[in-house]
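Engineer: Sharing upload-v6.txt (compact mmCIF, C-alpha atoms) below.
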# COMPACT_ATOMS: atom_id res chain seq x y z
CA MET X 166 48.42 84.45 4.87
CA LYS X 167 51.84 83.21 5.87
CA ILE X 168 50.32 81.01 8.54
CA GLN X 169 47.85 79.62 6.06
CA MET X 170 50.64 78.77 3.65
CA LEU X 171 52.60 77.16 6.44
CA ALA X 172 49.57 75.13 7.53
CA LEU X 173 49.01 74.04 3.95
CA GLY X 174 52.67 73.11 3.64
CA VAL X 175 52.60 71.04 6.82
CA LEU X 176 49.39 69.37 5.70
CA MET X 177 50.83 68.51 2.31
CA LEU X 178 54.02 67.25 3.85
CA SER X 179 52.20 64.97 6.28
CA ALA X 180 49.86 63.74 3.56
CA PHE X 181 52.88 63.08 1.38
CA SER X 182 54.71 61.09 4.02
CA VAL X 183 51.69 58.87 4.60
CA ASP X 184 51.11 58.25 0.90
CA ALA X 185 54.78 57.78 0.17
CA GLN X 186 54.80 54.56 2.16
CA ARG X 187 53.12 52.62 -0.62
CA TYR X 188 54.45 51.90 -4.05
CA PHE X 189 52.98 49.97 -6.93
CA THR X 190 53.45 48.88 -10.51
CA ARG X 191 51.24 47.41 -13.16
CA GLU X 192 53.97 46.57 -15.60
CA GLY X 193 56.11 44.21 -13.61
CA GLU X 194 58.12 41.69 -15.55
CA VAL X 195 57.75 38.03 -14.68
CA ASP X 196 59.55 35.47 -16.84
CA PHE X 197 59.98 31.77 -16.46
CA TYR X 198 62.49 29.30 -17.73
CA SER X 199 62.28 25.54 -17.91
CA GLU X 200 65.39 23.71 -18.97
CA ALA X 201 64.81 20.03 -19.63
CA PRO X 202 67.12 17.63 -21.51
CA LEU X 203 65.14 17.92 -24.77
CA GLU X 204 63.75 21.40 -24.68
CA LYS X 205 64.27 24.85 -23.31
CA ILE X 206 61.04 26.68 -22.67
CA GLU X 207 60.68 30.32 -21.72
CA ALA X 208 57.81 32.73 -21.45
CA HIS X 209 57.50 36.41 -20.70
CA ASN X 210 54.91 38.59 -19.04
CA ASN X 211 55.26 42.33 -18.52
CA SER X 212 51.86 43.09 -17.02
CA ALA X 213 52.31 41.87 -13.47
CA THR X 214 50.97 44.09 -10.71
CA SER X 215 52.73 44.58 -7.40
CA VAL X 216 52.16 46.68 -4.31
CA LEU X 217 54.91 47.34 -1.78
CA ASP X 218 54.46 48.99 1.61
CA ILE X 219 57.90 50.13 2.66
CA SER X 220 56.99 50.82 6.28
CA SER X 221 55.76 47.31 7.02
CA GLY X 222 57.57 45.44 4.24
CA LYS X 223 54.27 44.02 3.02
CA LEU X 224 54.52 42.87 -0.55
CA GLU X 225 52.02 41.56 -3.10
CA PHE X 226 52.25 40.37 -6.66
CA ALA X 227 49.62 39.23 -9.13
CA VAL X 228 50.03 37.96 -12.65
CA LEU X 229 47.62 36.76 -15.33
CA ILE X 230 48.49 33.31 -16.66
CA LYS X 231 47.13 33.99 -20.15
CA ALA X 232 49.36 37.05 -20.43
CA PHE X 233 52.49 34.87 -20.65
CA GLN X 234 53.85 34.99 -24.17
CA PHE X 235 55.77 31.98 -25.52
CA GLU X 236 57.86 31.71 -28.59
CA LYS X 237 55.97 28.64 -29.78
CA ALA X 238 52.18 28.74 -30.07
CA LEU X 239 51.92 25.04 -29.25
CA MET X 240 53.78 25.44 -25.95
CA GLN X 241 51.57 28.36 -25.02
CA GLU X 242 48.48 26.28 -25.78
CA HIS X 243 49.68 23.33 -23.70
CA PHE X 244 50.75 25.63 -20.87
CA ASN X 245 47.29 27.22 -20.69
CA GLU X 246 45.11 24.22 -21.42
CA ASN X 247 46.94 21.20 -20.01
CA TYR X 248 49.17 22.43 -17.22
CA MET X 249 47.98 25.73 -15.75
CA GLU X 250 44.30 25.35 -16.73
CA SER X 251 44.15 29.12 -17.04
CA ASP X 252 40.42 29.25 -17.77
CA GLU X 253 39.80 27.89 -14.31
CA PHE X 254 42.79 29.54 -12.58
CA PRO X 255 43.40 32.81 -14.45
CA LYS X 256 45.86 34.35 -11.98
CA SER X 257 48.82 33.61 -9.80
CA VAL X 258 49.24 35.60 -6.64
CA PHE X 259 51.97 36.12 -4.07
CA LYS X 260 51.17 37.72 -0.73
CA GLY X 261 53.95 38.14 1.75
CA ASN X 262 56.55 40.27 3.41
CA ILE X 263 60.06 41.51 3.17
CA ASP X 264 61.29 39.91 6.40
CA ASN X 265 64.03 42.47 6.94
CA PRO X 266 62.69 45.82 5.67
CA GLU X 267 64.98 47.60 8.13
CA ALA X 268 67.93 46.34 6.08
CA VAL X 269 66.89 48.67 3.26
CA LYS X 270 67.74 52.37 3.47
CA TRP X 271 64.76 53.50 1.43
CA ASP X 272 66.11 57.05 1.04
CA THR X 273 69.68 56.13 0.12
CA ASP X 274 70.81 54.89 -3.29
CA GLY X 275 72.09 51.35 -3.26
CA THR X 276 71.28 47.69 -3.71
CA TYR X 277 70.04 45.85 -0.66
CA PRO X 278 69.62 42.08 -0.30
CA VAL X 279 66.30 41.10 1.26
CA ASN X 280 64.57 37.95 2.43
CA VAL X 281 61.01 37.51 1.27
CA SER X 282 58.47 35.02 2.53
CA GLY X 283 54.77 34.50 2.05
CA LYS X 284 52.13 32.51 0.27
CA LEU X 285 52.34 31.75 -3.41
CA THR X 286 49.23 30.60 -5.26
CA ILE X 287 49.62 28.90 -8.62
CA HIS X 288 47.06 26.66 -10.34
CA GLY X 289 44.71 27.12 -7.36
CA VAL X 290 47.26 25.65 -4.91
CA THR X 291 48.78 27.81 -2.17
CA ASN X 292 52.17 27.07 -0.63
CA ASP X 293 54.41 28.84 1.86
CA VAL X 294 57.51 30.03 0.09
CA SER X 295 60.59 31.98 0.99
CA THR X 296 63.30 33.36 -1.22
CA THR X 297 65.87 36.09 -1.49
CA GLY X 298 65.79 39.18 -3.63
CA GLU X 299 67.27 42.60 -4.11
CA ILE X 300 65.82 46.03 -3.62
CA THR X 301 67.57 48.76 -5.58
CA ILE X 302 67.14 52.44 -4.85
CA GLU X 303 68.32 54.77 -7.55
CA ASN X 304 67.48 58.48 -7.50
CA GLY X 305 64.53 57.72 -5.24
CA GLN X 306 63.18 55.06 -7.63
CA ILE X 307 62.55 51.68 -6.04
CA SER X 308 62.98 48.51 -8.03
CA ALA X 309 62.96 44.89 -6.98
CA HIS X 310 64.52 41.77 -8.45
CA SER X 311 64.29 38.13 -7.51
CA VAL X 312 65.02 34.74 -9.01
CA PHE X 313 63.52 31.66 -7.44
CA VAL X 314 62.64 28.09 -8.28
CA VAL X 315 59.22 26.49 -8.17
CA ALA X 316 58.67 22.74 -8.21
CA VAL X 317 55.86 21.98 -10.62
CA ALA X 318 54.59 19.05 -8.51
CA ASP X 319 54.04 21.33 -5.48
CA TYR X 320 51.21 23.00 -7.37
CA ASP X 321 49.40 19.86 -8.56
CA ILE X 322 50.58 20.32 -12.12
CA GLU X 323 50.96 16.93 -13.75
CA ILE X 324 53.39 16.41 -16.56
CA PRO X 325 52.51 13.39 -18.71
CA ALA X 326 55.24 10.75 -19.08
CA VAL X 327 55.61 11.39 -22.85
CA VAL X 328 56.85 14.93 -22.36
CA ARG X 329 58.77 14.32 -19.15
CA GLU X 330 62.03 14.83 -21.00
CA ASN X 331 60.75 18.14 -22.44
CA ILE X 332 59.56 19.91 -19.33
CA ALA X 333 61.68 20.52 -16.26
CA LYS X 334 60.39 19.48 -12.83
CA GLU X 335 61.62 22.74 -11.44
CA VAL X 336 60.95 26.02 -13.17
CA GLU X 337 62.98 29.17 -12.64
CA ILE X 338 61.00 32.37 -12.17
CA ARG X 339 62.52 35.80 -12.56
CA VAL X 340 60.81 38.90 -11.26
CA ASP X 341 61.79 42.47 -12.14
CA VAL X 342 59.67 45.41 -11.10
CA ASP X 343 60.08 49.19 -11.05
CA TYR X 344 57.78 50.77 -8.51
CA GLN X 345 55.92 54.06 -8.72
CA GLU X 346 54.63 55.95 -5.76
CA LEU X 347 50.96 55.24 -5.08
CA LYS X 348 49.13 58.56 -5.14
CA LYS X 349 45.57 58.69 -4.04
CA MET Y 69 59.00 -4.56 -56.41
CA SER Y 70 58.58 -7.43 -54.03
CA GLY Y 71 55.94 -7.34 -51.31
CA LYS Y 72 58.52 -6.81 -48.61
CA LYS Y 73 60.10 -3.88 -50.41
CA LYS Y 74 56.70 -2.28 -50.96
CA ILE Y 75 55.94 -2.45 -47.25
CA LEU Y 76 59.33 -0.95 -46.47
CA VAL Y 77 58.83 1.94 -48.90
CA LEU Y 78 55.31 2.54 -47.57
CA ALA Y 79 56.57 2.52 -43.98
CA LEU Y 80 59.33 4.95 -44.89
CA VAL Y 81 56.89 7.31 -46.64
CA GLY Y 82 54.57 7.09 -43.64
CA LEU Y 83 57.43 7.94 -41.31
CA VAL Y 84 58.45 10.97 -43.35
CA VAL Y 85 54.84 12.22 -43.50
CA ALA Y 86 54.48 11.76 -39.72
CA ALA Y 87 57.76 13.58 -39.09
CA VAL Y 88 56.78 16.50 -41.34
CA ALA Y 89 53.32 16.72 -39.76
CA GLY Y 90 54.82 16.52 -36.26
CA TYR Y 91 57.33 19.23 -37.07
CA ALA Y 92 54.59 21.44 -38.52
CA ILE Y 93 52.41 21.03 -35.42
CA TYR Y 94 55.38 21.67 -33.14
CA ASN Y 95 56.16 24.87 -35.02
CA LYS Y 96 52.60 25.95 -35.66
CA PRO Y 97 52.47 29.73 -35.80
CA HIS Y 98 50.72 32.02 -33.33
CA GLN Y 99 47.32 33.22 -34.41
CA ASN Y 100 47.53 36.01 -36.97
CA MET Y 101 45.95 38.91 -35.11
CA THR Y 102 45.47 41.05 -38.19
CA LYS Y 103 43.28 38.36 -39.78
CA ALA Y 104 41.65 37.06 -36.59
CA LYS Y 105 37.91 37.55 -36.31
CA ALA Y 106 36.79 39.36 -33.16
CA ASP Y 107 34.53 37.34 -30.82
CA HIS Y 108 33.33 40.50 -29.09
CA SER Y 109 33.37 44.20 -29.89
CA LEU Y 110 32.78 46.89 -27.28
CA SER Y 111 34.17 50.06 -25.70
CA SER Y 112 36.98 50.00 -23.16
CA THR Y 113 34.70 51.47 -20.49
CA GLU Y 114 32.11 48.75 -21.13
CA LEU Y 115 34.77 46.06 -20.93
CA PHE Y 116 36.18 47.45 -17.69
CA ALA Y 117 32.67 47.77 -16.21
CA ALA Y 118 31.89 44.15 -17.13
CA PHE Y 119 34.98 42.93 -15.23
CA GLU Y 120 34.34 45.23 -12.30
CA ALA Y 121 30.71 44.13 -11.97
CA ASP Y 122 31.32 40.37 -12.11
CA GLU Y 123 34.85 39.17 -12.72
CA GLN Y 124 33.95 35.51 -12.97
CA ALA Y 125 31.20 36.08 -15.52
CA ALA Y 126 33.49 38.39 -17.50
CA ASN Y 127 36.25 35.76 -17.39
CA GLU Y 128 33.89 33.18 -18.82
CA LYS Y 129 32.87 35.54 -21.58
CA PHE Y 130 36.16 37.22 -22.53
CA LEU Y 131 39.14 35.20 -21.28
CA GLY Y 132 41.33 34.03 -24.14
CA LYS Y 133 38.90 35.51 -26.66
CA ILE Y 134 39.65 38.00 -29.41
CA VAL Y 135 38.08 41.25 -28.32
CA GLU Y 136 37.82 44.42 -30.35
CA VAL Y 137 37.96 47.31 -27.94
CA ASN Y 138 37.59 50.99 -28.71
CA GLY Y 139 38.27 53.87 -26.40
CA THR Y 140 40.25 56.96 -25.52
CA ILE Y 141 43.96 56.61 -24.86
CA GLN Y 142 44.80 57.55 -21.28
CA GLU Y 143 48.48 56.69 -21.31
CA VAL Y 144 51.03 55.76 -23.97
CA LYS Y 145 54.13 53.69 -23.17
CA LEU Y 146 56.29 52.90 -26.14
CA GLU Y 147 59.69 51.91 -24.82
CA GLU Y 148 61.95 49.00 -25.47
CA GLY Y 149 60.29 45.90 -24.08
CA VAL Y 150 57.15 47.78 -23.08
CA GLN Y 151 54.77 48.71 -25.86
CA LYS Y 152 51.39 49.49 -24.43
CA LEU Y 153 48.44 51.81 -24.52
CA ILE Y 154 46.12 52.24 -21.58
CA LEU Y 155 42.55 52.95 -22.58
CA GLU Y 156 39.99 54.65 -20.40
CA GLY Y 157 38.33 52.33 -17.86
CA ASP Y 158 36.77 53.54 -14.64
CA GLY Y 159 37.35 57.16 -15.60
CA MET Y 160 39.97 57.46 -12.87
CA MET Y 161 43.07 55.43 -12.21
CA PHE Y 162 42.40 52.08 -13.83
CA GLY Y 163 41.69 51.14 -17.39
CA VAL Y 164 42.25 48.63 -20.13
CA ILE Y 165 45.94 47.91 -20.71
CA CYS Y 166 46.55 47.01 -24.33
CA ASN Y 167 49.94 45.39 -24.92
CA LEU Y 168 50.72 45.85 -28.59
CA ASP Y 169 51.48 42.71 -30.59
CA GLU Y 170 55.20 42.05 -30.45
CA LEU Y 171 54.88 39.40 -33.14
CA THR Y 172 53.27 41.67 -35.73
CA ASP Y 173 55.45 44.60 -34.71
CA SER Y 174 54.03 46.92 -37.31
CA HIS Y 175 52.11 49.36 -35.18
CA ARG Y 176 52.57 53.08 -35.59
CA ASP Y 177 54.50 54.93 -32.90
CA ASP Y 178 52.62 58.23 -32.84
CA PHE Y 179 49.71 57.28 -30.57
CA GLN Y 180 48.56 60.31 -28.60
CA VAL Y 181 46.91 60.63 -25.20
CA GLY Y 182 43.27 61.60 -25.79
CA GLU Y 183 43.14 59.94 -29.18
CA ALA Y 184 40.28 57.51 -29.89
CA VAL Y 185 41.51 54.13 -31.10
CA SER Y 186 40.14 50.72 -31.94
CA LEU Y 187 42.28 47.69 -31.14
CA LYS Y 188 41.84 43.97 -31.61
CA CYS Y 189 43.44 41.99 -28.80
CA GLU Y 190 43.43 38.76 -26.85
CA CYS Y 191 41.87 39.31 -23.43
CA THR Y 192 43.90 37.85 -20.54
CA GLY Y 193 41.83 38.97 -17.54
CA LEU Y 194 41.65 41.49 -14.70
CA LEU Y 195 44.33 42.56 -12.23
CA MET Y 196 44.04 46.22 -11.24
CA ASP Y 197 43.24 46.88 -14.88
CA VAL Y 198 41.85 44.66 -17.61
CA VAL Y 199 44.92 43.32 -19.40
CA MET Y 200 44.93 42.63 -23.14
CA LYS Y 201 47.78 41.29 -25.22
CA ARG Y 202 48.80 40.97 -28.87
CA CYS Y 203 46.83 44.10 -29.78
CA VAL Y 204 46.66 45.31 -33.36
CA GLU Y 205 44.94 48.44 -34.53
CA THR Y 206 41.75 48.01 -36.54
CA HIS Y 207 40.40 50.53 -38.96
CA SER Y 208 36.66 50.19 -38.97
For the structure just supplied, provide its representation as structure tokens.

Structural biologist:
Amino acid sequence: MKIQMLALGVLMLSAFSVDAQRYFTREGEVDFYSEAPLEKIEAHNNSATSVLDISSGKLEFAVLIKAFQFEKALMQEHFNENYMESDEFPKSVFKGNIDNPEAVKWDTDGTYPVNVSGKLTIHGVTNDVSTTGEITIENGQISAHSVFVVAVADYDIEIPAVVRENIAKEVEIRVDVDYQELKK
Amino acid sequence: MSGKKKILVLALVGLVVAAVAGYAIYNKPHQNMTKAKADHSLSSTELFAAFEADEQAANEKFLGKIVEVNGTIQEVKLEEGVQKLILEGDGMMFGVICNLDELTDSHRDDFQVGEAVSLKCECTGLLMDVVMKRCVETHS
């Protein structure tokens, strides 16, 4: 009986350690800010998904364009219809890596700066991007934070001359996610 | 009034009307979800199955549309900044995430896991789950 319990314990422990390598969320926060001379535009989305593999540093994000909520209905309409064409391109995806996963002590509380690089797809256009971020470990909970800038023109998004003073050429994107362990 | 003055007054009136109309369009309100008419009405499991079977076809049918969805609550998250119910989807891990309408902000806060609800939302697409936003409860 004792041996059986021990075997079960070992089995559970090994299963746990394999599963514990992957973390995910489906309520990641992604916000963006555009500050142009005439207008400040911001939009929020708290339904981003992300998967993080802490052994390899592999990292993925996905966000639905229509899930961004703006303060002004008109801005939201223009964003979806004219700029992001969200009927045709409903999601934005990032697939990449934490380049220095060894810099994070995943089992020790703290905030660790990381470098992230990969491919970002917006509006059907994929570009190589790299940025910095922070991984925070608190009581075993992993969360990630990053702020980076995206140039609208890099993603074939055209801003008509009439509203050029209203929409910034570079948009700031803020990402905040709290991960949960992925249990199978 | 001389002809010139008349033109000036008319031009001024026109300008004011244009400014008011422009301002109204610029500040046009978000759709009123309580009054919005649903384009589709179905169960959360049917909606999830439609996306799982053919995402592109489901996108064409549901994306940006007002969808009335009814189903069993699998998970309730009512915290600051996150106000959502997850309705049953594939019967396992994934479902239909219903973000409650932050603009109406009049939903009740006693939703229970296992409770059957009917919500009217705007459908935004599929990630791991089907994601809906601006959900308001309907009583049909």

Engineer: What does the structure give for the distance between CA of Ser221 in chain X and CA of Ile338 in chain X, in Å to one decimal?

Structural biologist: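 Atom-to-atom, CA of Ser221 in chain X and CA of Ile338 in chain X are spaced 24.9 Å apart.
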
Engineer: Restricting the calculation to only C-alpha atoms: of Y:Ser109, Y:Val185, Y:Ala118, Y:Met101, which residue gets closest to Gln142 in chain Y?

Structural biologist: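 Among Y:Ser109, Y:Val185, Y:Ala118, Y:Met101, it is Y:Val185 that comes nearest to Gln142 in chain Y.
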
Engineer: Mind giving me the straight-line distance from CA of Val342 in chain X to CA of Thr190 in chain X in Å, one decimal?

Structural biologist: 7.1 Å

Engineer: From the list X:Phe259, X:Tyr198, X:Tyr277, X:Phe233, which residue is nearest His310 in chain X when using all atoms listed in the file?

Structural biologist: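 Comparing X:Phe259, X:Tyr198, X:Tyr277, X:Phe233 against His310 in chain X, the winner is X:Tyr277.
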
Engineer: For Asp197 in chain Y, please output as a PDB file with C-alpha atoms, in the coordinates of the input all residues within 8 Å (counting only C-alpha atoms; exclusion window: fewer than 2 positions along the same chain).

Structural biologist:
ATOM      1  CA  PHE Y 116      36.180  47.450 -17.690  1.00  0.00           C
ATOM      2  CA  GLY Y 157      38.330  52.330 -17.860  1.00  0.00           C
ATOM      3  CA  PHE Y 162      42.400  52.080 -13.830  1.00  0.00           C
ATOM      4  CA  GLY Y 163      41.690  51.140 -17.390  1.00  0.00           C
ATOM      5  CA  VAL Y 164      42.250  48.630 -20.130  1.00  0.00           C
ATOM      6  CA  ILE Y 165      45.940  47.910 -20.710  1.00  0.00           C
ATOM      7  CA  LEU Y 194      41.650  41.490 -14.700  1.00  0.00           C
ATOM      8  CA  LEU Y 195      44.330  42.560 -12.230  1.00  0.00           C
ATOM      9  CA  VAL Y 199      44.920  43.320 -19.400  1.00  0.00           C
TER      10      VAL Y 199
END
